[in-house]
file work-v2.pdb (PDB, C-alpha atoms)
ATOM      1  CA  MET A   1     103.547  69.595  -9.663
ATOM      2  CA  ARG A   2     104.937  73.116  -9.959
ATOM      3  CA  TYR A   3     101.798  74.589 -11.546
ATOM      4  CA  ASN A   4      98.314  74.819 -10.053
ATOM      5  CA  TYR A   5      96.340  74.645 -13.300
ATOM      6  CA  ILE A   6      97.704  72.790 -16.328
ATOM      7  CA  ALA A   7      95.979  72.359 -19.680
ATOM      8  CA  ILE A   8      97.097  69.693 -22.163
ATOM      9  CA  GLU A   9      96.486  70.471 -25.821
ATOM     10  CA  GLY A  10      97.309  69.002 -29.213
ATOM     11  CA  ASN A  11      95.857  67.685 -32.422
ATOM     12  CA  ILE A  12      93.297  64.902 -32.762
ATOM     13  CA  GLY A  13      94.969  61.699 -31.574
ATOM     14  CA  ALA A  14      97.950  63.380 -29.882
ATOM     15  CA  GLY A  15      97.336  61.659 -26.535
ATOM     16  CA  LYS A  16      95.926  64.562 -24.513
ATOM     17  CA  THR A  17      93.370  62.592 -22.512
ATOM     18  CA  THR A  18      95.692  59.685 -21.799
ATOM     19  CA  LEU A  19      98.492  61.928 -20.574
ATOM     20  CA  ALA A  20      96.252  64.146 -18.444
ATOM     21  CA  THR A  21      94.641  61.090 -16.859
ATOM     22  CA  LYS A  22      97.986  59.444 -16.033
ATOM     23  CA  ILE A  23      99.360  62.628 -14.485
ATOM     24  CA  ALA A  24      96.234  63.209 -12.396
ATOM     25  CA  GLU A  25      96.253  59.632 -11.138
ATOM     26  CA  GLN A  26      99.933  59.514 -10.231
ATOM     27  CA  TYR A  27     100.290  63.009  -8.776
ATOM     28  CA  ASN A  28      96.924  63.520  -7.048
ATOM     29  CA  GLY A  29      95.459  66.040  -9.458
ATOM     30  CA  LYS A  30      91.885  67.062 -10.138
ATOM     31  CA  LEU A  31      91.108  65.865 -13.669
ATOM     32  CA  ILE A  32      88.894  67.703 -16.147
ATOM     33  CA  LEU A  33      88.163  65.756 -19.328
ATOM     34  CA  GLU A  34      86.404  67.154 -22.357
ATOM     35  CA  ARG A  35      83.081  65.468 -23.060
ATOM     36  CA  PHE A  36      82.721  65.259 -26.808
ATOM     37  CA  GLU A  37      81.422  61.828 -27.753
ATOM     38  CA  ASP A  38      77.805  62.782 -27.010
ATOM     39  CA  ASN A  39      77.946  65.815 -29.297
ATOM     40  CA  PRO A  40      75.085  65.306 -31.803
ATOM     41  CA  PHE A  41      76.921  67.178 -34.579
ATOM     42  CA  LEU A  42      80.324  65.488 -34.470
ATOM     43  CA  ALA A  43      79.713  62.461 -36.683
ATOM     44  CA  LYS A  44      77.605  64.599 -39.040
ATOM     45  CA  PHE A  45      80.454  67.116 -39.323
ATOM     46  CA  TYR A  46      82.877  64.479 -40.603
ATOM     47  CA  GLU A  47      80.315  63.571 -43.254
ATOM     48  CA  ASN A  48      79.459  67.144 -44.298
ATOM     49  CA  GLN A  49      81.787  69.818 -42.894
ATOM     50  CA  ASP A  50      80.224  72.788 -44.693
ATOM     51  CA  LYS A  51      76.756  72.102 -43.324
ATOM     52  CA  TYR A  52      77.590  71.180 -39.745
ATOM     53  CA  ALA A  53      80.731  73.196 -38.904
ATOM     54  CA  PHE A  54      78.930  76.152 -37.296
ATOM     55  CA  PRO A  55      76.529  74.210 -35.026
ATOM     56  CA  LEU A  56      79.379  71.868 -34.095
ATOM     57  CA  GLU A  57      81.734  74.675 -33.059
ATOM     58  CA  LEU A  58      79.014  76.536 -31.150
ATOM     59  CA  SER A  59      77.964  73.431 -29.254
ATOM     60  CA  PHE A  60      81.564  72.611 -28.358
ATOM     61  CA  LEU A  61      82.189  76.170 -27.168
ATOM     62  CA  ALA A  62      79.113  76.149 -24.944
ATOM     63  CA  GLU A  63      79.903  72.751 -23.436
ATOM     64  CA  ARG A  64      83.571  73.570 -22.821
ATOM     65  CA  TYR A  65      82.745  76.888 -21.189
ATOM     66  CA  GLN A  66      80.082  75.443 -18.901
ATOM     67  CA  GLN A  67      82.327  72.586 -17.810
ATOM     68  CA  LEU A  68      85.417  74.725 -17.144
ATOM     69  CA  LYS A  69      83.448  77.401 -15.292
ATOM     70  CA  ARG A  70      81.875  74.761 -13.055
ATOM     71  CA  GLU A  71      84.966  72.651 -12.429
ATOM     72  CA  LEU A  72      87.477  75.480 -11.942
ATOM     73  CA  ALA A  73      85.183  77.214  -9.445
ATOM     74  CA  ASN A  74      84.944  74.060  -7.316
ATOM     75  CA  GLN A  75      88.488  73.265  -6.250
ATOM     76  CA  GLU A  76      88.692  69.962  -4.368
ATOM     77  CA  LEU A  77      90.335  70.024  -0.947
ATOM     78  CA  PHE A  78      92.333  66.835  -1.331
ATOM     79  CA  THR A  79      93.923  67.361  -4.736
ATOM     80  CA  ALA A  80      97.214  69.182  -5.283
ATOM     81  CA  PHE A  81      96.485  70.793  -8.664
ATOM     82  CA  THR A  82      94.076  70.780 -11.608
ATOM     83  CA  ILE A  83      94.808  69.304 -15.028
ATOM     84  CA  SER A  84      92.541  69.295 -18.076
ATOM     85  CA  ASP A  85      92.831  67.670 -21.493
ATOM     86  CA  TYR A  86      91.752  70.848 -23.285
ATOM     87  CA  PHE A  87      91.902  74.650 -23.214
ATOM     88  CA  LEU A  88      88.876  76.774 -24.113
ATOM     89  CA  ASN A  89      90.911  78.592 -26.775
ATOM     90  CA  LYS A  90      90.997  75.416 -28.854
ATOM     91  CA  SER A  91      87.514  76.486 -29.934
ATOM     92  CA  LEU A  92      89.078  79.421 -31.786
ATOM     93  CA  ILE A  93      91.716  77.212 -33.368
ATOM     94  CA  PHE A  94      89.249  74.742 -34.849
ATOM     95  CA  ALA A  95      86.688  77.397 -35.758
ATOM     96  CA  ARG A  96      89.233  79.384 -37.749
ATOM     97  CA  LYS A  97      89.758  76.375 -40.015
ATOM     98  CA  THR A  98      86.158  75.205 -40.295
ATOM     99  CA  LEU A  99      84.002  78.373 -40.447
ATOM    100  CA  ASN A 100      83.592  80.986 -43.140
ATOM    101  CA  ASP A 101      84.589  84.573 -42.336
ATOM    102  CA  ASP A 102      81.137  85.817 -41.279
ATOM    103  CA  GLU A 103      80.538  82.820 -39.049
ATOM    104  CA  TYR A 104      83.986  83.158 -37.526
ATOM    105  CA  GLN A 105      83.471  86.832 -36.625
ATOM    106  CA  LEU A 106      80.267  85.961 -34.794
ATOM    107  CA  PHE A 107      82.018  83.045 -33.138
ATOM    108  CA  ILE A 108      84.834  85.317 -31.879
ATOM    109  CA  THR A 109      82.292  87.683 -30.324
ATOM    110  CA  LEU A 110      80.665  84.857 -28.384
ATOM    111  CA  PHE A 111      84.026  83.371 -27.432
ATOM    112  CA  ASN A 112      85.352  86.641 -26.001
ATOM    113  CA  ILE A 113      82.271  87.055 -23.814
ATOM    114  CA  MET A 114      82.741  83.578 -22.350
ATOM    115  CA  ASN A 115      86.523  83.581 -22.114
ATOM    116  CA  ALA A 116      86.585  86.759 -20.015
ATOM    117  CA  ASN A 117      85.048  84.794 -17.127
ATOM    118  CA  LEU A 118      87.577  81.953 -16.994
ATOM    119  CA  PRO A 119      91.046  81.736 -15.431
ATOM    120  CA  ARG A 120      93.974  81.007 -17.722
ATOM    121  CA  PRO A 121      96.098  77.903 -17.147
ATOM    122  CA  ASP A 122      99.422  78.422 -15.391
ATOM    123  CA  LEU A 123     100.969  76.127 -18.003
ATOM    124  CA  LEU A 124      99.617  75.184 -21.421
ATOM    125  CA  VAL A 125     101.272  72.026 -22.774
ATOM    126  CA  HIS A 126     100.947  71.335 -26.492
ATOM    127  CA  LEU A 127     101.772  67.797 -27.617
ATOM    128  CA  PHE A 128     103.371  67.939 -31.064
ATOM    129  CA  VAL A 129     102.951  64.678 -32.999
ATOM    130  CA  SER A 130     103.483  63.941 -36.705
ATOM    131  CA  THR A 131     100.501  63.299 -38.972
ATOM    132  CA  ASN A 132     101.492  59.656 -39.483
ATOM    133  CA  ARG A 133     101.620  59.106 -35.744
ATOM    134  CA  LEU A 134      98.284  60.855 -35.274
ATOM    135  CA  GLN A 135      96.646  58.605 -37.874
ATOM    136  CA  SER A 136      98.123  55.540 -36.186
ATOM    137  CA  ASN A 137      96.723  56.622 -32.826
ATOM    138  CA  ILE A 138      93.330  57.373 -34.383
ATOM    139  CA  ARG A 139      93.179  53.888 -35.916
ATOM    140  CA  LYS A 140      94.147  52.266 -32.617
ATOM    141  CA  ARG A 141      91.399  53.920 -30.590
ATOM    142  CA  GLY A 142      88.838  52.917 -33.204
ATOM    143  CA  ARG A 143      86.247  55.677 -33.156
ATOM    144  CA  GLU A 144      84.298  55.024 -36.333
ATOM    145  CA  TYR A 145      83.577  58.645 -37.194
ATOM    146  CA  GLU A 146      87.324  59.493 -37.037
ATOM    147  CA  GLN A 147      88.584  56.789 -39.357
ATOM    148  CA  ARG A 148      88.124  58.851 -42.522
ATOM    149  CA  ILE A 149      89.797  62.051 -41.298
ATOM    150  CA  PRO A 150      92.194  63.041 -44.124
ATOM    151  CA  ASP A 151      95.831  63.964 -43.524
ATOM    152  CA  GLU A 152      95.105  67.411 -44.941
ATOM    153  CA  TYR A 153      92.603  68.170 -42.193
ATOM    154  CA  LEU A 154      95.035  67.133 -39.438
ATOM    155  CA  GLU A 155      97.799  69.201 -41.014
ATOM    156  CA  LYS A 156      95.478  72.196 -41.256
ATOM    157  CA  ILE A 157      94.600  71.919 -37.578
ATOM    158  CA  GLN A 158      98.259  71.571 -36.615
ATOM    159  CA  GLU A 159      99.173  74.711 -38.550
ATOM    160  CA  SER A 160      96.314  76.566 -36.891
ATOM    161  CA  TYR A 161      97.509  75.516 -33.432
ATOM    162  CA  LEU A 162     101.077  76.651 -34.074
ATOM    163  CA  ASP A 163     100.008  79.957 -35.610
ATOM    164  CA  TYR A 164      97.797  80.670 -32.611
ATOM    165  CA  LEU A 165     100.346  79.675 -29.966
ATOM    166  CA  ARG A 166     103.056  81.870 -31.483
ATOM    167  CA  GLN A 167     100.774  84.860 -30.976
ATOM    168  CA  GLN A 168     100.111  84.309 -27.241
ATOM    169  CA  PRO A 169     103.012  85.969 -25.362
ATOM    170  CA  GLN A 170     100.857  86.341 -22.243
ATOM    171  CA  LEU A 171     100.554  82.560 -21.820
ATOM    172  CA  ARG A 172     103.176  80.148 -20.517
ATOM    173  CA  ILE A 173     103.290  77.547 -23.318
ATOM    174  CA  LEU A 174     105.370  74.374 -23.464
ATOM    175  CA  LEU A 175     105.437  72.738 -26.896
ATOM    176  CA  LEU A 176     106.614  69.148 -26.441
ATOM    177  CA  ASP A 177     107.718  67.186 -29.498
ATOM    178  CA  ILE A 178     107.001  63.598 -28.405
ATOM    179  CA  ASN A 179     107.215  61.815 -31.759
ATOM    180  CA  THR A 180     109.776  59.273 -30.553
ATOM    181  CA  LEU A 181     108.151  58.615 -27.167
ATOM    182  CA  ASP A 182     105.565  56.089 -26.047
ATOM    183  CA  PHE A 183     104.491  57.326 -22.621
ATOM    184  CA  VAL A 184     101.837  54.601 -22.330
ATOM    185  CA  ALA A 185     104.088  51.592 -22.890
ATOM    186  CA  ARG A 186     107.341  53.003 -21.491
ATOM    187  CA  PRO A 187     107.186  54.497 -17.971
ATOM    188  CA  HIS A 188     110.537  56.218 -18.501
ATOM    189  CA  ASP A 189     109.052  58.197 -21.387
ATOM    190  CA  PHE A 190     106.183  59.291 -19.152
ATOM    191  CA  ASP A 191     108.695  60.431 -16.539
ATOM    192  CA  LYS A 192     110.499  62.513 -19.178
ATOM    193  CA  ILE A 193     107.308  64.364 -20.009
ATOM    194  CA  VAL A 194     106.475  65.027 -16.350
ATOM    195  CA  GLU A 195     110.022  66.230 -15.691
ATOM    196  CA  ALA A 196     109.802  68.648 -18.614
ATOM    197  CA  MET A 197     106.426  69.943 -17.444
ATOM    198  CA  ASN A 198     107.662  70.495 -13.908
ATOM    199  CA  LYS A 199     110.315  73.057 -14.806
ATOM    200  CA  GLU A 200     109.921  76.804 -14.614
ATOM    201  CA  TYR A 201     109.223  78.509 -17.944
ATOM    202  CA  PRO A 202     108.877  82.135 -19.051
ATOM    203  CA  ARG A 203     105.740  83.396 -20.713
ATOM    204  CA  GLY A 204     105.568  82.765 -24.421
ATOM    205  CA  MET A 205     106.293  79.476 -26.188
ATOM    206  CA  THR A 206     109.139  77.148 -25.280
ATOM    207  CA  ARG A 207     109.741  74.193 -27.586
ATOM    208  CA  ILE A 208     111.424  71.004 -26.358
ATOM    209  CA  VAL A 209     112.121  67.833 -28.343
ATOM    210  CA  LEU A 210     112.028  64.773 -26.082
ATOM    211  CA  THR A 211     113.928  61.666 -27.169
TER
END

call {"tool": "encode", "arguments": {"input": "work-v2.pdb", "output": "structure tokens"}}
result
Amino acid sequence: MRYNYIAIEGNIGAGKTTLATKIAEQYNGKLILERFEDNPFLAKFYENQDKYAFPLELSFLAERYQQLKRELANQELFTAFTISDYFLNKSLIFARKTLNDDEYQLFITLFNIMNANLPRPDLLVHLFVSTNRLQSNIRKRGREYEQRIPDEYLEKIQESYLDYLRQQPQLRILLLDINTLDFVARPHDFDKIVEAMNKEYPRGMTRIVLT
């Protein structure tokens, strides 16, 4: 792979973990996967967002920071690069849509303290997938607490991602529209994604539609 540290991002159900895992396995990469299923606030949040948004976002931020700081500091000798299925800045993206203004200002303060101590990815890949496709993927993986996520919430998160990425000229961002691909069932589609990721890109956001 061209880049030493790659982060895969995208909405809920976009395929981040699956893609990062396949790339790490096939190209000898160190894999960092977000641990979220043990979060005690996640299921509660989907039942009552107003009550549990702040503790959920704080707990995610703390866990993500601790994991990335530990894993990125310990580079393995026999892997060629590092790939993760998340970027710490996703905490800002979700928090902006779930917290009230006062909570969000406090959250930003804590985030900036933590983020200053972490390296940025050499390439941030955002998987762009339609809401219908996201809902289909969510149903297929069968996590009970996700089955009632409304389209409006997914659309809100997608808008927040795009707004944030447009304002990050210092990052090298590849936005991949993969709506017509099935990189799990069709190896050729997987190869298309890897080929796109392995090109040289300027800083800022580059959008590519893969068909």

call {"tool": "atom_distance", "arguments": {"input": "work-v2.pdb", "atom1": "CA of Phe45 in chain A", "atom2": "CA of Pro121 in chain A"}}
result
29.2 Å

call {"tool": "closest_residue", "arguments": {"input": "work-v2.pdb", "among": "A:Glu63, A:Leu124, A:Ile6, A:Arg139", "to": "Glu37 in chain A", "atoms": "only C-alpha atoms"}}
result
A:Glu63

call {"tool": "residues_around", "arguments": {"input": "work-v2.pdb", "residues": "Thr131 in chain A", "least_positions_apart": "3", "cutoff": "9 Å", "atoms": "all atoms listed in the file", "output": "ChimeraX atom specification"}}
result
/A:134-136,151,154-155,158

call {"tool": "resolve_selection", "arguments": {"input": "work-v2.pdb", "expression": "the PyMOL selection byres ((chain A and resi 34) around 7)", "output": "number ranges by chain"}}
result
A: 32-33, 35-36, 85-86

call {"tool": "atom_distance", "arguments": {"input": "work-v2.pdb", "atom1": "CA of Glu47 in chain A", "atom2": "CA of Arg148 in chain A"}}
result
9.2 Å

call {"tool": "resolve_selection", "arguments": {"input": "work-v2.pdb", "expression": "the PyMOL selection byres ((chain A and resi 204) around 7)", "output": "ChimeraX atom specification"}}
result
/A:168-173,202-203,205-206

call {"tool": "build_atoms", "arguments": {"input": "work-v2.pdb", "residues": "range 156-188 of chain A", "atoms": "N, CA and C atoms", "output": "PDB file, keeping the file's coordinate frame"}}
result
ATOM      1  N   LYS A 156      96.076  70.874 -41.348  1.00  0.00           N
ATOM      2  CA  LYS A 156      95.478  72.196 -41.256  1.00  0.00           C
ATOM      3  C   LYS A 156      95.266  72.599 -39.799  1.00  0.00           C
ATOM      4  N   ILE A 157      94.810  71.651 -39.001  1.00  0.00           N
ATOM      5  CA  ILE A 157      94.600  71.919 -37.578  1.00  0.00           C
ATOM      6  C   ILE A 157      95.938  72.157 -36.884  1.00  0.00           C
ATOM      7  N   GLN A 158      96.945  71.385 -37.225  1.00  0.00           N
ATOM      8  CA  GLN A 158      98.259  71.571 -36.615  1.00  0.00           C
ATOM      9  C   GLN A 158      98.824  72.947 -36.925  1.00  0.00           C
ATOM     10  N   GLU A 159      98.703  73.370 -38.164  1.00  0.00           N
ATOM     11  CA  GLU A 159      99.173  74.711 -38.550  1.00  0.00           C
ATOM     12  C   GLU A 159      98.423  75.787 -37.780  1.00  0.00           C
ATOM     13  N   SER A 160      97.124  75.593 -37.608  1.00  0.00           N
ATOM     14  CA  SER A 160      96.314  76.566 -36.891  1.00  0.00           C
ATOM     15  C   SER A 160      96.738  76.661 -35.427  1.00  0.00           C
ATOM     16  N   TYR A 161      97.004  75.519 -34.805  1.00  0.00           N
ATOM     17  CA  TYR A 161      97.509  75.516 -33.432  1.00  0.00           C
ATOM     18  C   TYR A 161      98.800  76.313 -33.322  1.00  0.00           C
ATOM     19  N   LEU A 162      99.768  76.009 -34.175  1.00  0.00           N
ATOM     20  CA  LEU A 162     101.077  76.651 -34.074  1.00  0.00           C
ATOM     21  C   LEU A 162     100.984  78.146 -34.336  1.00  0.00           C
ATOM     22  N   ASP A 163     100.192  78.527 -35.326  1.00  0.00           N
ATOM     23  CA  ASP A 163     100.008  79.957 -35.610  1.00  0.00           C
ATOM     24  C   ASP A 163      99.421  80.673 -34.392  1.00  0.00           C
ATOM     25  N   TYR A 164      98.445  80.052 -33.769  1.00  0.00           N
ATOM     26  CA  TYR A 164      97.797  80.670 -32.611  1.00  0.00           C
ATOM     27  C   TYR A 164      98.765  80.769 -31.425  1.00  0.00           C
ATOM     28  N   LEU A 165      99.473  79.694 -31.139  1.00  0.00           N
ATOM     29  CA  LEU A 165     100.346  79.675 -29.966  1.00  0.00           C
ATOM     30  C   LEU A 165     101.482  80.681 -30.083  1.00  0.00           C
ATOM     31  N   ARG A 166     101.973  80.890 -31.283  1.00  0.00           N
ATOM     32  CA  ARG A 166     103.056  81.870 -31.483  1.00  0.00           C
ATOM     33  C   ARG A 166     102.599  83.289 -31.162  1.00  0.00           C
ATOM     34  N   GLN A 167     101.309  83.517 -31.177  1.00  0.00           N
ATOM     35  CA  GLN A 167     100.774  84.860 -30.976  1.00  0.00           C
ATOM     36  C   GLN A 167     100.203  85.068 -29.566  1.00  0.00           C
ATOM     37  N   GLN A 168     100.636  84.235 -28.605  1.00  0.00           N
ATOM     38  CA  GLN A 168     100.111  84.309 -27.241  1.00  0.00           C
ATOM     39  C   GLN A 168     101.236  84.548 -26.236  1.00  0.00           C
ATOM     40  N   PRO A 169     101.880  85.724 -26.274  1.00  0.00           N
ATOM     41  CA  PRO A 169     103.012  85.969 -25.362  1.00  0.00           C
ATOM     42  C   PRO A 169     102.610  86.045 -23.898  1.00  0.00           C
ATOM     43  N   GLN A 170     101.311  86.226 -23.626  1.00  0.00           N
ATOM     44  CA  GLN A 170     100.857  86.341 -22.243  1.00  0.00           C
ATOM     45  C   GLN A 170     100.694  84.981 -21.578  1.00  0.00           C
ATOM     46  N   LEU A 171     100.710  83.909 -22.365  1.00  0.00           N
ATOM     47  CA  LEU A 171     100.554  82.560 -21.820  1.00  0.00           C
ATOM     48  C   LEU A 171     101.911  81.878 -21.660  1.00  0.00           C
ATOM     49  N   ARG A 172     101.984  80.987 -20.690  1.00  0.00           N
ATOM     50  CA  ARG A 172     103.176  80.148 -20.517  1.00  0.00           C
ATOM     51  C   ARG A 172     102.908  78.844 -21.264  1.00  0.00           C
ATOM     52  N   ILE A 173     103.586  78.658 -22.413  1.00  0.00           N
ATOM     53  CA  ILE A 173     103.290  77.547 -23.318  1.00  0.00           C
ATOM     54  C   ILE A 173     104.523  76.654 -23.454  1.00  0.00           C
ATOM     55  N   LEU A 174     104.318  75.362 -23.255  1.00  0.00           N
ATOM     56  CA  LEU A 174     105.370  74.374 -23.464  1.00  0.00           C
ATOM     57  C   LEU A 174     104.976  73.484 -24.627  1.00  0.00           C
ATOM     58  N   LEU A 175     105.693  73.597 -25.733  1.00  0.00           N
ATOM     59  CA  LEU A 175     105.437  72.738 -26.896  1.00  0.00           C
ATOM     60  C   LEU A 175     106.385  71.549 -26.810  1.00  0.00           C
ATOM     61  N   LEU A 176     105.823  70.366 -26.607  1.00  0.00           N
ATOM     62  CA  LEU A 176     106.614  69.148 -26.441  1.00  0.00           C
ATOM     63  C   LEU A 176     106.514  68.296 -27.699  1.00  0.00           C
ATOM     64  N   ASP A 177     107.636  68.105 -28.368  1.00  0.00           N
ATOM     65  CA  ASP A 177     107.718  67.186 -29.498  1.00  0.00           C
ATOM     66  C   ASP A 177     107.941  65.788 -28.931  1.00  0.00           C
ATOM     67  N   ILE A 178     106.927  64.924 -29.022  1.00  0.00           N
ATOM     68  CA  ILE A 178     107.001  63.598 -28.405  1.00  0.00           C
ATOM     69  C   ILE A 178     106.921  62.487 -29.451  1.00  0.00           C
ATOM     70  N   ASN A 179     107.353  62.772 -30.661  1.00  0.00           N
ATOM     71  CA  ASN A 179     107.215  61.815 -31.759  1.00  0.00           C
ATOM     72  C   ASN A 179     107.926  60.491 -31.509  1.00  0.00           C
ATOM     73  N   THR A 180     109.017  60.505 -30.775  1.00  0.00           N
ATOM     74  CA  THR A 180     109.776  59.273 -30.553  1.00  0.00           C
ATOM     75  C   THR A 180     109.435  58.602 -29.225  1.00  0.00           C
ATOM     76  N   LEU A 181     108.488  59.168 -28.477  1.00  0.00           N
ATOM     77  CA  LEU A 181     108.151  58.615 -27.167  1.00  0.00           C
ATOM     78  C   LEU A 181     106.889  57.767 -27.221  1.00  0.00           C
ATOM     79  N   ASP A 182     106.788  56.856 -26.277  1.00  0.00           N
ATOM     80  CA  ASP A 182     105.565  56.089 -26.047  1.00  0.00           C
ATOM     81  C   ASP A 182     105.317  56.106 -24.544  1.00  0.00           C
ATOM     82  N   PHE A 183     104.638  57.145 -24.067  1.00  0.00           N
ATOM     83  CA  PHE A 183     104.491  57.326 -22.621  1.00  0.00           C
ATOM     84  C   PHE A 183     103.480  56.365 -22.012  1.00  0.00           C
ATOM     85  N   VAL A 184     102.757  55.615 -22.840  1.00  0.00           N
ATOM     86  CA  VAL A 184     101.837  54.601 -22.330  1.00  0.00           C
ATOM     87  C   VAL A 184     102.585  53.298 -22.059  1.00  0.00           C
ATOM     88  N   ALA A 185     103.395  52.880 -23.006  1.00  0.00           N
ATOM     89  CA  ALA A 185     104.088  51.592 -22.890  1.00  0.00           C
ATOM     90  C   ALA A 185     105.400  51.689 -22.124  1.00  0.00           C
ATOM     91  N   ARG A 186     106.022  52.870 -22.127  1.00  0.00           N
ATOM     92  CA  ARG A 186     107.341  53.003 -21.491  1.00  0.00           C
ATOM     93  C   ARG A 186     107.267  54.031 -20.361  1.00  0.00           C
ATOM     94  N   PRO A 187     107.277  53.573 -19.115  1.00  0.00           N
ATOM     95  CA  PRO A 187     107.186  54.497 -17.971  1.00  0.00           C
ATOM     96  C   PRO A 187     108.267  55.569 -17.974  1.00  0.00           C
ATOM     97  N   HIS A 188     109.455  55.236 -18.482  1.00  0.00           N
ATOM     98  CA  HIS A 188     110.537  56.218 -18.501  1.00  0.00           C
ATOM     99  C   HIS A 188     110.180  57.395 -19.410  1.00  0.00           C
TER     100      HIS A 188
END
